[in-house]
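Okay, structure first, notes after.
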Amino acid sequence: MLRPIRTLAAAAAALALVSACNSASTNGTSPGAPGGTTGNSRGVSDDSIKVGGIVSMTSASGYSKKDTDLGAKARYLRANAEGGINGRKIDYLGAEDDGQDPAKNLAAARKLVQQDKVFAVSPMSSVTFSGADFLEQEKVPTFGWGTLPAFCGPQHIYGFNGCLVPTPGGTLNQTWPEGIGQILGGARGKSVAIIANDSDAGKFGIRTFQQGFASAGFKVSYAKAAVPATAVPSDWSAYVKEILAANDGKAPDAVVSVMQTPNNIGLFTALKRSGYQGLLSDPTDYDPGLLAKDATKQALDGVHVLLQFQPFESTDPKMAQFKADVKAAAGGQDVPLSMHTLTGYMSADLFLSIAQKAGKELTVESFQAAAQGFSDTGTLVGDRAEPKGQKDSFGCGALVQLKNGAYEVSVPFKCYEPIPFK
C-alpha cells in the first residue's frame, strides 16, 4: 500500500500555495456524521492510516537528508507485513522535498494536510520547520529528530529521541561531554574549545554545550559562534590560531565543532596541518557515504562523532532488525546506512508505537491520550516516554571514531543522567 516517493511538481506546488490562502481545512469525518466516529479521524479509514513526510531531499549546497525517506519506508513496510496497526495498513505517501526552504516547508505541510489529508506527518527532517505552527494548529501528529525548537513544547509534535533543544526548566543531554571525558581519562583538568556557525542555531549550540561541558568538569577555554553560516571559509588560519592559543596560550585538549560536514572538513584539516594532536569531535559526520572520497576520509580520520542512537556497529538484535528492514525496503540491496536513515526509521517507529497503543478507534484525540501515558524501553534510542520527550531528551547516546577508513565504537551506547538547563 505504500506509494512511491513523488517530487512536488509545479502544478502541485501551485495548488498547495493556493490552499495556503484558505482559512480552514477539511479534517475528515466530522463528529455526528453518518457512520462517523467522534473526533478528528482525518486520514483514517477502516483499513488504512494515511501518513506523509517532509524531508530536505535536495538543497542549494548539495546536502541531502533523502535517506530519511527510505528509513521511514522500511519501518512502515515491516509494520504492514506484520498486519498493520490494529488491523489498518500504513498508506505512506512518501516525503515531500522542502529543499531546506522555509516557504517550501510550510507549503509541504499544507499540501499533506489540506490536499492529501494525512493523519500524521512522519518523518519531518529539515533544518527549517516553518510548517510547525500550521501542523500544531491542525492537530497533526508529527515526528522527527528533535533538533529544532518546534519539537519542544507543542502538544502534537514529537522528537523520536525527545527534545534536544533545551529550554529553561528543561534538561541537557550529557552524552557528548561525558563521552569525551571518558576518552580523555576524565574531564578534570582538561580543556575544550567549542566552535559553531554565526547563526541563531550556532549561538544556541554554543550556549548549550558550553554549559554541558562545564558541568561535566571541563574548562571551556573557547566558545564562539564565529564561522559564517552562508559560505564555507576558504582560509581557516585565523580560527585555528585563536583556538590553539585559547587554553592560556596553549592548545585545548579537545576541539568540538557544532557544524555540518563541509565546515568540519575545512576546520579539522587546518587543525591537523597546524600540528594539533588533541581530540576532534562533531555531531554530524557519521555517514558511510563520506568514506567514498579519499580526501574526505583523510580529513575526518580520527574524529569522534556524537550519536544519539545505537551505532550501526552495535550487536543489539534491534540493530540487526533495522538493517534487515532497510535492505528489504531497498529491494533486497545492501545500501549505505546513515543517521538520516535511522532518523526516518525511528520517527516512524515512535508514531507506530503510540498509534498501536491508541487502539482500534483511532482519532487524533485517542492518539494524544495514548501519547500522554506512553513509555517503552530498550529501543535504538534508549528508553522513551511521553510527554517527557516534549520537554527533555531521552538522555542516551554513543561516540564512534573514524579510524583507518571505518567507524569504530569509541564510547558504547549508554544513557546518562541529564542536567538542568539554565
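So you can find residues: chains in the C-alpha cells are A, B, ... in the order shown, residues in each start at 1, and ligands are numbered from 1 in order.
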
| Test item: residues at most 7 Å from Phe129 in chain A, only C-alpha atoms, excluding those fewer than 2 positions along its chain, as a PyMOL selection string | chain A and resi 102+105+126-127+131-132

| task | Write out as a PyMOL selection string all residues of range 214-302 of chain A that backbone DSSP assigns to helix (DSSP H, G or I). | result | chain A and resi 214-215+237-244+261-273+288-292+294-300

| remark: CA of Ala72 in chain A sits from CA of Met259 in chain A at a separation of 25.3 Å

| said: Taking only C-alpha atoms into account, name the residue in A:Asn161, A:Ser64, A:Ser234, A:Ser122 that is nearest to Lys388 in chain A. | reply: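 Counting only C-alpha atoms, the residue closest to Lys388 in chain A is A:Asn161.
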
| task | Identify, on the basis of only C-alpha atoms, every residue whose closest approach to Lys117 in chain A does not exceed 6 Å; exclude the query and any residue fewer than 4 positions from it along the same chain; express the result as a list in words. | result |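 Neighbouring residues, sequence-local ones excluded: Gly43, Leu112 and Val113 of chain A.
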
What does the file look like for those residues with N, CA, C and O atoms, as a tab-separated table (two decimals), in the first residue's frame?
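Heads up, here's the output in result37.tsv:
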```tsv
chain	number	residue	atom	x	y	z
A	43	GLY	N	-7.69	11.08	7.49
A	43	GLY	CA	-6.67	10.15	7.02
A	43	GLY	C	-6.82	8.73	7.51
A	43	GLY	O	-6.01	7.87	7.17
A	112	LEU	N	0.14	18.28	2.50
A	112	LEU	CA	-0.11	16.98	3.11
A	112	LEU	C	-1.42	16.97	3.89
A	112	LEU	O	-2.15	15.97	3.88
A	113	VAL	N	-1.74	18.07	4.55
A	113	VAL	CA	-2.95	18.12	5.37
A	113	VAL	C	-4.18	18.46	4.54
A	113	VAL	O	-5.20	17.77	4.59
```

| message | Between CA of His304 in chain A and CA of Leu164 in chain A, what distance in Å does the model show, to one decimal? | response | 19.7 Å

| Within 6 Å of range 140-150 of chain A, counting only C-alpha atoms, which residues qualify if same-chain residues fewer than 4 places away don't, as a list in words? |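 What passes the distance filter is Ala120, Val121, Ser122, Pro123, Met124, Ser125, Leu135, His156, Ile157, Tyr158, Gly159, Phe160, Gly162, Cys163, Leu164, Val165 and Ser347 of chain A.
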
| range 401-418 of chain A environment, 10 Å, only C-alpha atoms, sequence neighbours closer than 2 positions dropped, as JSON, numbers by chain | {"A": [170, 171, 172, 173, 174, 175, 176, 178, 179, 180, 182, 183, 212, 280, 281, 285, 286, 287, 288, 290, 291, 292, 294, 297, 298, 300, 301, 302, 303, 304, 305, 306, 307, 308, 309, 310, 311, 312, 313, 314, 380, 381, 382, 383, 392, 393, 394, 395, 396, 397, 398, 399, 420, 421]}

Selection above as a file: N, CA and C atoms, as a compact mmCIF listing (two decimals), in the first residue's frame:
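Everything below was put into out_1.txt:
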```txt
# COMPACT_ATOMS: atom_id res chain seq x y z
N GLY A 170 14.01 22.86 31.47
CA GLY A 170 14.24 21.56 30.85
C GLY A 170 15.61 21.02 31.24
N THR A 171 16.09 20.03 30.48
CA THR A 171 17.36 19.40 30.82
C THR A 171 18.28 19.32 29.61
N LEU A 172 19.57 19.05 29.89
CA LEU A 172 20.59 18.88 28.87
C LEU A 172 21.03 17.42 28.80
N ASN A 173 21.11 16.89 27.58
CA ASN A 173 21.68 15.56 27.35
C ASN A 173 23.19 15.65 27.51
N GLN A 174 23.77 14.82 28.37
CA GLN A 174 25.20 14.90 28.68
C GLN A 174 26.05 13.84 27.96
N THR A 175 25.51 13.21 26.92
CA THR A 175 26.25 12.17 26.22
C THR A 175 27.60 12.68 25.70
N TRP A 176 27.59 13.86 25.06
CA TRP A 176 28.81 14.36 24.42
C TRP A 176 29.92 14.65 25.44
N GLU A 178 30.23 13.77 28.61
CA GLU A 178 30.58 12.59 29.40
C GLU A 178 31.39 11.60 28.56
N GLY A 179 31.00 11.44 27.29
CA GLY A 179 31.72 10.53 26.41
C GLY A 179 33.14 10.99 26.14
N ILE A 180 33.32 12.28 25.84
CA ILE A 180 34.66 12.81 25.58
C ILE A 180 35.51 12.74 26.85
N GLN A 182 35.30 10.46 29.06
CA GLN A 182 35.71 9.06 29.19
C GLN A 182 36.91 8.75 28.30
N ILE A 183 36.91 9.27 27.07
CA ILE A 183 38.02 9.03 26.15
C ILE A 183 39.31 9.67 26.68
N GLY A 212 26.99 22.34 29.18
CA GLY A 212 27.12 20.90 29.36
C GLY A 212 28.55 20.47 29.66
N LEU A 280 39.36 15.55 18.33
CA LEU A 280 38.43 16.27 17.46
C LEU A 280 37.07 15.58 17.49
N SER A 281 35.99 16.37 17.53
CA SER A 281 34.66 15.75 17.61
C SER A 281 33.61 16.64 16.98
N ASP A 285 29.23 13.80 11.34
CA ASP A 285 29.91 13.04 10.29
C ASP A 285 29.94 11.53 10.48
N TYR A 286 28.78 10.97 10.78
CA TYR A 286 28.62 9.51 10.84
C TYR A 286 27.84 9.09 9.61
N ASP A 287 28.55 8.90 8.52
CA ASP A 287 27.90 8.63 7.24
C ASP A 287 28.87 7.86 6.35
N PRO A 288 28.61 6.57 6.09
CA PRO A 288 29.50 5.79 5.24
C PRO A 288 29.72 6.42 3.87
N LEU A 290 30.51 9.34 3.28
CA LEU A 290 31.65 10.25 3.37
C LEU A 290 32.97 9.53 3.10
N LEU A 291 32.95 8.21 3.20
CA LEU A 291 34.18 7.44 3.04
C LEU A 291 34.50 7.14 1.58
N ALA A 292 33.61 7.54 0.69
CA ALA A 292 33.82 7.25 -0.73
C ALA A 292 34.95 8.08 -1.33
N ASP A 294 38.67 9.83 -0.87
CA ASP A 294 39.87 9.73 -0.05
C ASP A 294 40.15 11.02 0.72
N LYS A 297 37.74 11.21 3.65
CA LYS A 297 38.11 10.18 4.61
C LYS A 297 39.36 10.58 5.41
N GLN A 298 40.31 11.19 4.74
CA GLN A 298 41.53 11.63 5.40
C GLN A 298 41.26 12.80 6.35
N LEU A 300 38.57 13.51 7.96
CA LEU A 300 37.77 13.13 9.12
C LEU A 300 38.37 11.97 9.91
N ASP A 301 39.52 11.46 9.47
CA ASP A 301 40.14 10.34 10.16
C ASP A 301 40.48 10.74 11.60
N GLY A 302 40.12 9.89 12.53
CA GLY A 302 40.39 10.15 13.94
C GLY A 302 39.32 10.93 14.66
N VAL A 303 38.35 11.49 13.93
CA VAL A 303 37.30 12.31 14.54
C VAL A 303 36.29 11.42 15.28
N HIS A 304 35.92 11.83 16.48
CA HIS A 304 34.89 11.15 17.27
C HIS A 304 33.55 11.84 17.00
N VAL A 305 32.56 11.06 16.58
CA VAL A 305 31.26 11.61 16.20
C VAL A 305 30.21 11.25 17.25
N LEU A 306 29.46 12.24 17.67
CA LEU A 306 28.38 12.04 18.64
C LEU A 306 27.18 11.38 17.97
N LEU A 307 26.67 10.33 18.58
CA LEU A 307 25.42 9.69 18.13
C LEU A 307 24.42 9.72 19.27
N GLN A 308 23.16 9.83 18.92
CA GLN A 308 22.11 9.74 19.93
C GLN A 308 21.21 8.54 19.65
N PHE A 309 21.88 7.48 19.16
CA PHE A 309 21.21 6.21 18.90
C PHE A 309 22.28 5.12 18.92
N GLN A 310 21.85 3.86 18.89
CA GLN A 310 22.79 2.76 18.84
C GLN A 310 23.63 2.85 17.56
N PRO A 311 24.95 2.70 17.66
CA PRO A 311 25.78 2.71 16.44
C PRO A 311 25.42 1.55 15.53
N PHE A 312 25.63 1.72 14.23
CA PHE A 312 25.35 0.65 13.28
C PHE A 312 26.26 -0.55 13.55
N GLU A 313 27.39 -0.32 14.21
CA GLU A 313 28.32 -1.39 14.54
C GLU A 313 27.86 -2.21 15.75
N SER A 314 26.77 -1.81 16.39
CA SER A 314 26.25 -2.50 17.57
C SER A 314 25.77 -3.91 17.21
N LEU A 380 16.35 1.59 19.98
CA LEU A 380 17.61 2.04 19.41
C LEU A 380 18.00 3.44 19.88
N VAL A 381 17.09 4.14 20.55
CA VAL A 381 17.42 5.44 21.15
C VAL A 381 17.28 5.39 22.67
N GLY A 382 17.20 4.20 23.23
CA GLY A 382 17.09 4.05 24.67
C GLY A 382 15.66 3.97 25.14
N ASP A 383 15.42 4.41 26.37
CA ASP A 383 14.08 4.38 26.95
C ASP A 383 13.31 5.64 26.54
N ASP A 392 12.17 17.18 27.43
CA ASP A 392 13.53 16.70 27.70
C ASP A 392 13.94 15.67 26.65
N SER A 393 15.26 15.48 26.50
CA SER A 393 15.75 14.40 25.65
C SER A 393 15.69 13.10 26.43
N PHE A 394 15.83 11.98 25.71
CA PHE A 394 15.83 10.69 26.39
C PHE A 394 17.21 10.36 26.98
N GLY A 395 18.20 11.25 26.75
CA GLY A 395 19.44 11.22 27.51
C GLY A 395 20.43 10.13 27.17
N CYS A 396 20.32 9.51 26.00
CA CYS A 396 21.17 8.38 25.66
C CYS A 396 22.03 8.69 24.43
N GLY A 397 23.15 7.98 24.28
CA GLY A 397 23.97 8.21 23.11
C GLY A 397 25.27 7.41 23.15
N ALA A 398 26.10 7.63 22.13
CA ALA A 398 27.38 6.94 21.98
C ALA A 398 28.32 7.82 21.19
N LEU A 399 29.59 7.44 21.12
CA LEU A 399 30.56 8.08 20.26
C LEU A 399 31.21 7.02 19.38
N PRO A 420 19.98 20.03 34.66
CA PRO A 420 19.05 21.15 34.41
C PRO A 420 19.67 22.18 33.48
N PHE A 421 18.88 22.67 32.56
CA PHE A 421 19.35 23.70 31.65
C PHE A 421 19.01 25.07 32.23
```

| task | Pick out the closest residue to Arg273 in chain A from this set: A:Ser237, A:Thr128, A:Ser61, A:Ser48. Count only C-alpha atoms. | result | A:Ser237

| message | I need the strand (DSSP E) residues of range 104-143 of chain A per DSSP on the backbone, written as an NGL selection string. | response | :A and (120-125 or 142-143)

Could you write out the selected residues, including N, CA and C atoms, as a PDB file, in the first residue's frame?
```
ATOM      1  N   ALA A 120      -0.992  11.802   9.917  1.00  0.00           N
ATOM      2  CA  ALA A 120       0.240  12.185  10.606  1.00  0.00           C
ATOM      3  C   ALA A 120       1.323  12.543   9.593  1.00  0.00           C
ATOM      4  N   VAL A 121       2.290  13.336  10.039  1.00  0.00           N
ATOM      5  CA  VAL A 121       3.499  13.629   9.266  1.00  0.00           C
ATOM      6  C   VAL A 121       4.656  12.964  10.001  1.00  0.00           C
ATOM      7  N   SER A 122       5.226  11.944   9.381  1.00  0.00           N
ATOM      8  CA  SER A 122       6.333  11.212   9.986  1.00  0.00           C
ATOM      9  C   SER A 122       7.073  10.450   8.897  1.00  0.00           C
ATOM     10  N   PRO A 123       8.279  10.924   8.527  1.00  0.00           N
ATOM     11  CA  PRO A 123       9.150  11.819   9.278  1.00  0.00           C
ATOM     12  C   PRO A 123       9.060  13.278   8.810  1.00  0.00           C
ATOM     13  N   MET A 124       9.515  14.201   9.688  1.00  0.00           N
ATOM     14  CA  MET A 124       9.781  15.581   9.313  1.00  0.00           C
ATOM     15  C   MET A 124      11.261  15.812   9.611  1.00  0.00           C
ATOM     16  N   SER A 125      12.073  15.982   8.557  1.00  0.00           N
ATOM     17  CA  SER A 125      13.512  16.120   8.753  1.00  0.00           C
ATOM     18  C   SER A 125      14.054  17.216   7.849  1.00  0.00           C
ATOM     19  N   THR A 142       3.086  14.784  14.502  1.00  0.00           N
ATOM     20  CA  THR A 142       4.262  14.982  13.649  1.00  0.00           C
ATOM     21  C   THR A 142       5.499  14.487  14.389  1.00  0.00           C
ATOM     22  N   PHE A 143       6.362  13.754  13.666  1.00  0.00           N
ATOM     23  CA  PHE A 143       7.510  13.094  14.286  1.00  0.00           C
ATOM     24  C   PHE A 143       8.782  13.351  13.495  1.00  0.00           C
TER      25      PHE A 143
END
```

| With distances taken over only C-alpha atoms, which of A:Ile419, A:Glu82, A:Asp69, A:Ala370 is nearest to Pro177 in chain A? | A:Ile419
